[in-house]
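Note sheet for the following structure.
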Amino acid sequence: MDTLIHHGMQFNACTIPTEHGSVLLISASRGMLGCGYFSVETADKIGDALAVVSGVKNYDDMLRAEVKKVSAAAAQRGVLVGMTGGEALLKMI
């Protein structure tokens, strides 16, 4: 588990290496920012707030990348497709 500071706020982050890349996740107190490995459909089934970015290789990429998918719970917190991952995280604290 890693600690990430973004706009003065602390987040937990996790990288899981795979054979061909990595699974990346940054967790806020009320939601998560995940790489393309994560499923918005699954998050919706269990009511979790999830924003998904793709084409990322590290946490900095995740913060700069455009949000491609948003779960219903994340949308209720103000997360929108098209905002940056960093903006989405700040909506889920």
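A note on labels: chains of the structure tokens are A, B, ... as shown, every chain counts residues from 1, and ligands are counted from 1 in their shown order.
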
**Message:** I'd like the neighbourhood of Cys35 in chain A as a ChimeraX atom specification, where a residue qualifies if any of its atoms comes within 12 Å (using only C-alpha atoms), though same-chain residues fewer than 3 positions away should be ignored.
**Reply:** /A:13-16,21-27,32,38-40,50-59,61-63,65-70,85

Would you mind exporting N, CA, C and O atoms of the selected residues as a tab-separated table (two decimals), in the first residue's frame?
```tsv
chain	number	residue	atom	x	y	z
A	13	ALA	N	-3.10	4.17	-2.01
A	13	ALA	CA	-2.96	3.74	-3.40
A	13	ALA	C	-2.31	2.36	-3.43
A	13	ALA	O	-1.55	2.01	-2.52
A	14	CYS	N	-2.61	1.62	-4.47
A	14	CYS	CA	-2.10	0.26	-4.58
A	14	CYS	C	-1.75	-0.05	-6.03
A	14	CYS	O	-2.52	0.27	-6.93
A	15	THR	N	-0.60	-0.66	-6.21
A	15	THR	CA	-0.17	-1.15	-7.52
A	15	THR	C	0.03	-2.65	-7.42
A	15	THR	O	0.74	-3.12	-6.54
A	16	ILE	N	-0.61	-3.38	-8.30
A	16	ILE	CA	-0.43	-4.83	-8.36
A	16	ILE	C	0.19	-5.15	-9.71
A	16	ILE	O	-0.47	-5.00	-10.75
A	21	GLY	N	1.67	-5.60	-17.27
A	21	GLY	CA	1.41	-4.23	-16.83
A	21	GLY	C	1.18	-4.19	-15.34
A	21	GLY	O	1.80	-4.93	-14.59
A	22	SER	N	0.27	-3.34	-14.92
A	22	SER	CA	-0.07	-3.20	-13.50
A	22	SER	C	-1.53	-2.85	-13.34
A	22	SER	O	-2.12	-2.18	-14.20
A	23	VAL	N	-2.10	-3.29	-12.24
A	23	VAL	CA	-3.44	-2.87	-11.82
A	23	VAL	C	-3.22	-1.73	-10.83
A	23	VAL	O	-2.46	-1.87	-9.87
A	24	LEU	N	-3.88	-0.59	-11.06
A	24	LEU	CA	-3.69	0.60	-10.24
A	24	LEU	C	-5.01	1.03	-9.61
A	24	LEU	O	-6.04	1.05	-10.28
A	25	LEU	N	-4.95	1.40	-8.33
A	25	LEU	CA	-6.14	1.86	-7.62
A	25	LEU	C	-5.72	2.93	-6.62
A	25	LEU	O	-4.73	2.78	-5.91
A	26	ILE	N	-6.49	4.02	-6.58
A	26	ILE	CA	-6.32	5.06	-5.56
A	26	ILE	C	-7.65	5.15	-4.82
A	26	ILE	O	-8.71	5.30	-5.43
A	27	SER	N	-7.59	5.08	-3.50
A	27	SER	CA	-8.80	5.05	-2.68
A	27	SER	C	-8.97	6.35	-1.91
A	27	SER	O	-8.05	6.82	-1.24
A	32	MET	N	-13.35	5.41	-5.19
A	32	MET	CA	-12.08	4.93	-5.71
A	32	MET	C	-11.88	5.41	-7.14
A	32	MET	O	-12.83	5.57	-7.89
A	38	PHE	N	-10.79	-2.20	-13.76
A	38	PHE	CA	-11.94	-2.19	-12.86
A	38	PHE	C	-13.25	-2.03	-13.62
A	38	PHE	O	-13.32	-1.36	-14.64
A	39	SER	N	-14.31	-2.62	-13.07
A	39	SER	CA	-15.61	-2.66	-13.71
A	39	SER	C	-16.61	-1.75	-13.01
A	39	SER	O	-16.94	-1.96	-11.83
A	40	VAL	N	-17.11	-0.76	-13.75
A	40	VAL	CA	-18.16	0.12	-13.23
A	40	VAL	C	-19.43	-0.69	-12.99
A	40	VAL	O	-20.16	-0.45	-12.02
A	50	LEU	N	-16.97	4.57	-8.02
A	50	LEU	CA	-15.78	4.23	-8.79
A	50	LEU	C	-15.71	5.09	-10.04
A	50	LEU	O	-16.70	5.21	-10.77
A	51	ALA	N	-14.55	5.69	-10.26
A	51	ALA	CA	-14.25	6.36	-11.52
A	51	ALA	C	-13.11	5.60	-12.17
A	51	ALA	O	-12.17	5.18	-11.49
A	52	VAL	N	-13.19	5.41	-13.49
A	52	VAL	CA	-12.19	4.61	-14.20
A	52	VAL	C	-11.48	5.48	-15.24
A	52	VAL	O	-12.13	6.19	-16.01
A	53	VAL	N	-10.16	5.39	-15.21
A	53	VAL	CA	-9.31	6.01	-16.22
A	53	VAL	C	-8.59	4.90	-16.97
A	53	VAL	O	-8.45	3.79	-16.44
A	54	SER	N	-8.14	5.16	-18.18
A	54	SER	CA	-7.45	4.11	-18.94
A	54	SER	C	-6.18	4.65	-19.57
A	54	SER	O	-5.97	5.87	-19.64
A	55	GLY	N	-5.32	3.73	-20.02
A	55	GLY	CA	-4.07	4.11	-20.64
A	55	GLY	C	-3.06	4.69	-19.68
A	55	GLY	O	-2.23	5.52	-20.07
A	56	VAL	N	-3.13	4.27	-18.42
A	56	VAL	CA	-2.25	4.82	-17.37
A	56	VAL	C	-1.22	3.79	-16.93
A	56	VAL	O	-1.48	2.59	-16.96
A	57	LYS	N	-0.06	4.29	-16.50
A	57	LYS	CA	1.01	3.40	-16.05
A	57	LYS	C	1.45	3.67	-14.63
A	57	LYS	O	2.21	2.90	-14.05
A	58	ASN	N	0.98	4.78	-14.04
A	58	ASN	CA	1.38	5.13	-12.67
A	58	ASN	C	0.34	6.09	-12.09
A	58	ASN	O	-0.60	6.49	-12.78
A	59	TYR	N	0.53	6.43	-10.82
A	59	TYR	CA	-0.45	7.28	-10.13
A	59	TYR	C	-0.54	8.68	-10.76
A	59	TYR	O	-1.64	9.24	-10.87
A	61	ASP	N	-0.10	9.48	-13.86
A	61	ASP	CA	-0.92	9.33	-15.07
A	61	ASP	C	-2.40	9.29	-14.70
A	61	ASP	O	-3.24	9.89	-15.39
A	62	MET	N	-2.73	8.59	-13.62
A	62	MET	CA	-4.13	8.47	-13.20
A	62	MET	C	-4.72	9.82	-12.84
A	62	MET	O	-5.88	10.11	-13.17
A	63	LEU	N	-3.96	10.64	-12.16
A	63	LEU	CA	-4.45	11.96	-11.74
A	63	LEU	C	-4.69	12.88	-12.93
A	63	LEU	O	-5.60	13.70	-12.91
A	65	ALA	N	-5.23	11.76	-16.19
A	65	ALA	CA	-6.04	11.12	-17.23
A	65	ALA	C	-7.51	11.54	-17.14
A	65	ALA	O	-8.02	11.89	-16.07
A	66	GLU	N	-8.18	11.46	-18.26
A	66	GLU	CA	-9.61	11.76	-18.34
A	66	GLU	C	-10.41	10.57	-17.83
A	66	GLU	O	-10.15	9.42	-18.20
A	67	VAL	N	-11.38	10.84	-16.98
A	67	VAL	CA	-12.28	9.79	-16.49
A	67	VAL	C	-13.13	9.31	-17.67
A	67	VAL	O	-13.75	10.10	-18.36
A	68	LYS	N	-13.13	7.98	-17.87
A	68	LYS	CA	-13.85	7.37	-18.99
A	68	LYS	C	-15.18	6.76	-18.59
A	68	LYS	O	-16.11	6.71	-19.39
A	69	LYS	N	-15.25	6.26	-17.34
A	69	LYS	CA	-16.48	5.62	-16.85
A	69	LYS	C	-16.68	6.01	-15.39
A	69	LYS	O	-15.73	6.19	-14.65
A	70	VAL	N	-17.96	6.08	-14.99
A	70	VAL	CA	-18.31	6.49	-13.63
A	70	VAL	C	-19.46	5.63	-13.14
A	70	VAL	O	-20.45	5.45	-13.85
A	85	GLY	N	-8.79	12.47	-13.38
A	85	GLY	CA	-8.80	11.55	-12.24
A	85	GLY	C	-8.59	12.28	-10.93
A	85	GLY	O	-9.23	11.96	-9.93
```

**Request:** Extract the full set of alpha helix (DSSP H) residues from chain A according to DSSP on the backbone, and format it as a PyMOL selection string.
**Result:** chain A and resi 40-46+59-64+72-76+85-91

Selected residues, N, CA and C atoms, written as a PDB file, in the first residue's frame, please.
```
ATOM      1  N   VAL A  40     -17.106  -0.757 -13.748  1.00  0.00           N
ATOM      2  CA  VAL A  40     -18.161   0.116 -13.228  1.00  0.00           C
ATOM      3  C   VAL A  40     -19.427  -0.694 -12.986  1.00  0.00           C
ATOM      4  N   GLU A  41     -19.675  -1.691 -13.830  1.00  0.00           N
ATOM      5  CA  GLU A  41     -20.877  -2.510 -13.666  1.00  0.00           C
ATOM      6  C   GLU A  41     -20.864  -3.239 -12.316  1.00  0.00           C
ATOM      7  N   THR A  42     -19.727  -3.765 -11.930  1.00  0.00           N
ATOM      8  CA  THR A  42     -19.616  -4.428 -10.628  1.00  0.00           C
ATOM      9  C   THR A  42     -19.781  -3.418  -9.501  1.00  0.00           C
ATOM     10  N   ALA A  43     -19.149  -2.254  -9.630  1.00  0.00           N
ATOM     11  CA  ALA A  43     -19.298  -1.212  -8.608  1.00  0.00           C
ATOM     12  C   ALA A  43     -20.757  -0.814  -8.452  1.00  0.00           C
ATOM     13  N   ASP A  44     -21.475  -0.712  -9.564  1.00  0.00           N
ATOM     14  CA  ASP A  44     -22.897  -0.371  -9.499  1.00  0.00           C
ATOM     15  C   ASP A  44     -23.703  -1.452  -8.777  1.00  0.00           C
ATOM     16  N   LYS A  45     -23.364  -2.702  -9.024  1.00  0.00           N
ATOM     17  CA  LYS A  45     -24.102  -3.801  -8.379  1.00  0.00           C
ATOM     18  C   LYS A  45     -24.000  -3.742  -6.862  1.00  0.00           C
ATOM     19  N   ILE A  46     -22.843  -3.302  -6.364  1.00  0.00           N
ATOM     20  CA  ILE A  46     -22.668  -3.282  -4.900  1.00  0.00           C
ATOM     21  C   ILE A  46     -22.743  -1.878  -4.303  1.00  0.00           C
ATOM     22  N   TYR A  59       0.530   6.430 -10.818  1.00  0.00           N
ATOM     23  CA  TYR A  59      -0.450   7.281 -10.132  1.00  0.00           C
ATOM     24  C   TYR A  59      -0.541   8.681 -10.756  1.00  0.00           C
ATOM     25  N   ASP A  60       0.593   9.247 -11.159  1.00  0.00           N
ATOM     26  CA  ASP A  60       0.554  10.570 -11.786  1.00  0.00           C
ATOM     27  C   ASP A  60      -0.272  10.543 -13.065  1.00  0.00           C
ATOM     28  N   ASP A  61      -0.102   9.484 -13.857  1.00  0.00           N
ATOM     29  CA  ASP A  61      -0.925   9.330 -15.066  1.00  0.00           C
ATOM     30  C   ASP A  61      -2.402   9.294 -14.699  1.00  0.00           C
ATOM     31  N   MET A  62      -2.730   8.586 -13.615  1.00  0.00           N
ATOM     32  CA  MET A  62      -4.131   8.467 -13.197  1.00  0.00           C
ATOM     33  C   MET A  62      -4.721   9.820 -12.842  1.00  0.00           C
ATOM     34  N   LEU A  63      -3.957  10.644 -12.156  1.00  0.00           N
ATOM     35  CA  LEU A  63      -4.452  11.956 -11.741  1.00  0.00           C
ATOM     36  C   LEU A  63      -4.695  12.878 -12.929  1.00  0.00           C
ATOM     37  N   ARG A  64      -3.889  12.728 -13.983  1.00  0.00           N
ATOM     38  CA  ARG A  64      -4.005  13.583 -15.172  1.00  0.00           C
ATOM     39  C   ARG A  64      -4.981  13.044 -16.216  1.00  0.00           C
ATOM     40  N   ALA A  72     -22.731   4.841 -10.662  1.00  0.00           N
ATOM     41  CA  ALA A  72     -23.849   5.689 -10.225  1.00  0.00           C
ATOM     42  C   ALA A  72     -23.531   6.390  -8.908  1.00  0.00           C
ATOM     43  N   ALA A  73     -22.898   5.678  -7.985  1.00  0.00           N
ATOM     44  CA  ALA A  73     -22.568   6.276  -6.687  1.00  0.00           C
ATOM     45  C   ALA A  73     -21.540   7.393  -6.843  1.00  0.00           C
ATOM     46  N   ALA A  74     -20.591   7.232  -7.754  1.00  0.00           N
ATOM     47  CA  ALA A  74     -19.616   8.298  -8.011  1.00  0.00           C
ATOM     48  C   ALA A  74     -20.304   9.502  -8.648  1.00  0.00           C
ATOM     49  N   ALA A  75     -21.220   9.250  -9.571  1.00  0.00           N
ATOM     50  CA  ALA A  75     -21.963  10.336 -10.215  1.00  0.00           C
ATOM     51  C   ALA A  75     -22.753  11.137  -9.175  1.00  0.00           C
ATOM     52  N   GLN A  76     -23.311  10.455  -8.185  1.00  0.00           N
ATOM     53  CA  GLN A  76     -24.051  11.142  -7.117  1.00  0.00           C
ATOM     54  C   GLN A  76     -23.140  12.054  -6.297  1.00  0.00           C
ATOM     55  N   GLY A  85      -8.786  12.465 -13.378  1.00  0.00           N
ATOM     56  CA  GLY A  85      -8.804  11.553 -12.240  1.00  0.00           C
ATOM     57  C   GLY A  85      -8.594  12.277 -10.934  1.00  0.00           C
ATOM     58  N   GLY A  86      -7.726  13.278 -10.933  1.00  0.00           N
ATOM     59  CA  GLY A  86      -7.493  14.075  -9.732  1.00  0.00           C
ATOM     60  C   GLY A  86      -8.732  14.808  -9.279  1.00  0.00           C
ATOM     61  N   GLU A  87      -9.474  15.376 -10.230  1.00  0.00           N
ATOM     62  CA  GLU A  87     -10.720  16.067  -9.894  1.00  0.00           C
ATOM     63  C   GLU A  87     -11.730  15.069  -9.339  1.00  0.00           C
ATOM     64  N   ALA A  88     -11.795  13.878  -9.931  1.00  0.00           N
ATOM     65  CA  ALA A  88     -12.726  12.850  -9.459  1.00  0.00           C
ATOM     66  C   ALA A  88     -12.402  12.438  -8.032  1.00  0.00           C
ATOM     67  N   LEU A  89     -11.120  12.235  -7.731  1.00  0.00           N
ATOM     68  CA  LEU A  89     -10.735  11.867  -6.364  1.00  0.00           C
ATOM     69  C   LEU A  89     -11.205  12.888  -5.353  1.00  0.00           C
ATOM     70  N   LEU A  90     -11.025  14.162  -5.670  1.00  0.00           N
ATOM     71  CA  LEU A  90     -11.414  15.226  -4.736  1.00  0.00           C
ATOM     72  C   LEU A  90     -12.917  15.254  -4.495  1.00  0.00           C
ATOM     73  N   LYS A  91     -13.715  14.778  -5.444  1.00  0.00           N
ATOM     74  CA  LYS A  91     -15.169  14.696  -5.257  1.00  0.00           C
ATOM     75  C   LYS A  91     -15.551  13.549  -4.321  1.00  0.00           C
TER      76      LYS A  91
END
```

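What separates CA of Ala49 in chain A from CA of Glu19 in chain A is a distance of 27.8 Å.
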
**Item:** strand (DSSP E) per DSSP on the backbone: members of chain A, as a VMD selection string
**Value:** chain A and resid 2 to 6 9 to 17 22 to 28 31 to 34 50 to 52 69 to 70

**Prompt:** Expressed in Å to a single decimal, how great is the separation between CA of Ile93 in chain A and CA of Ala28 in chain A?
**Reply:** 5.4 Å

**Request:** Kindly indicate which residue among A:Ser71, A:Leu33, A:Asp2, A:His20 lies nearest to Thr84 in chain A, using only C-alpha atoms for the distances.
**Result:**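 When distances to Thr84 in chain A are compared using only C-alpha atoms, the smallest one comes from A:Leu33.
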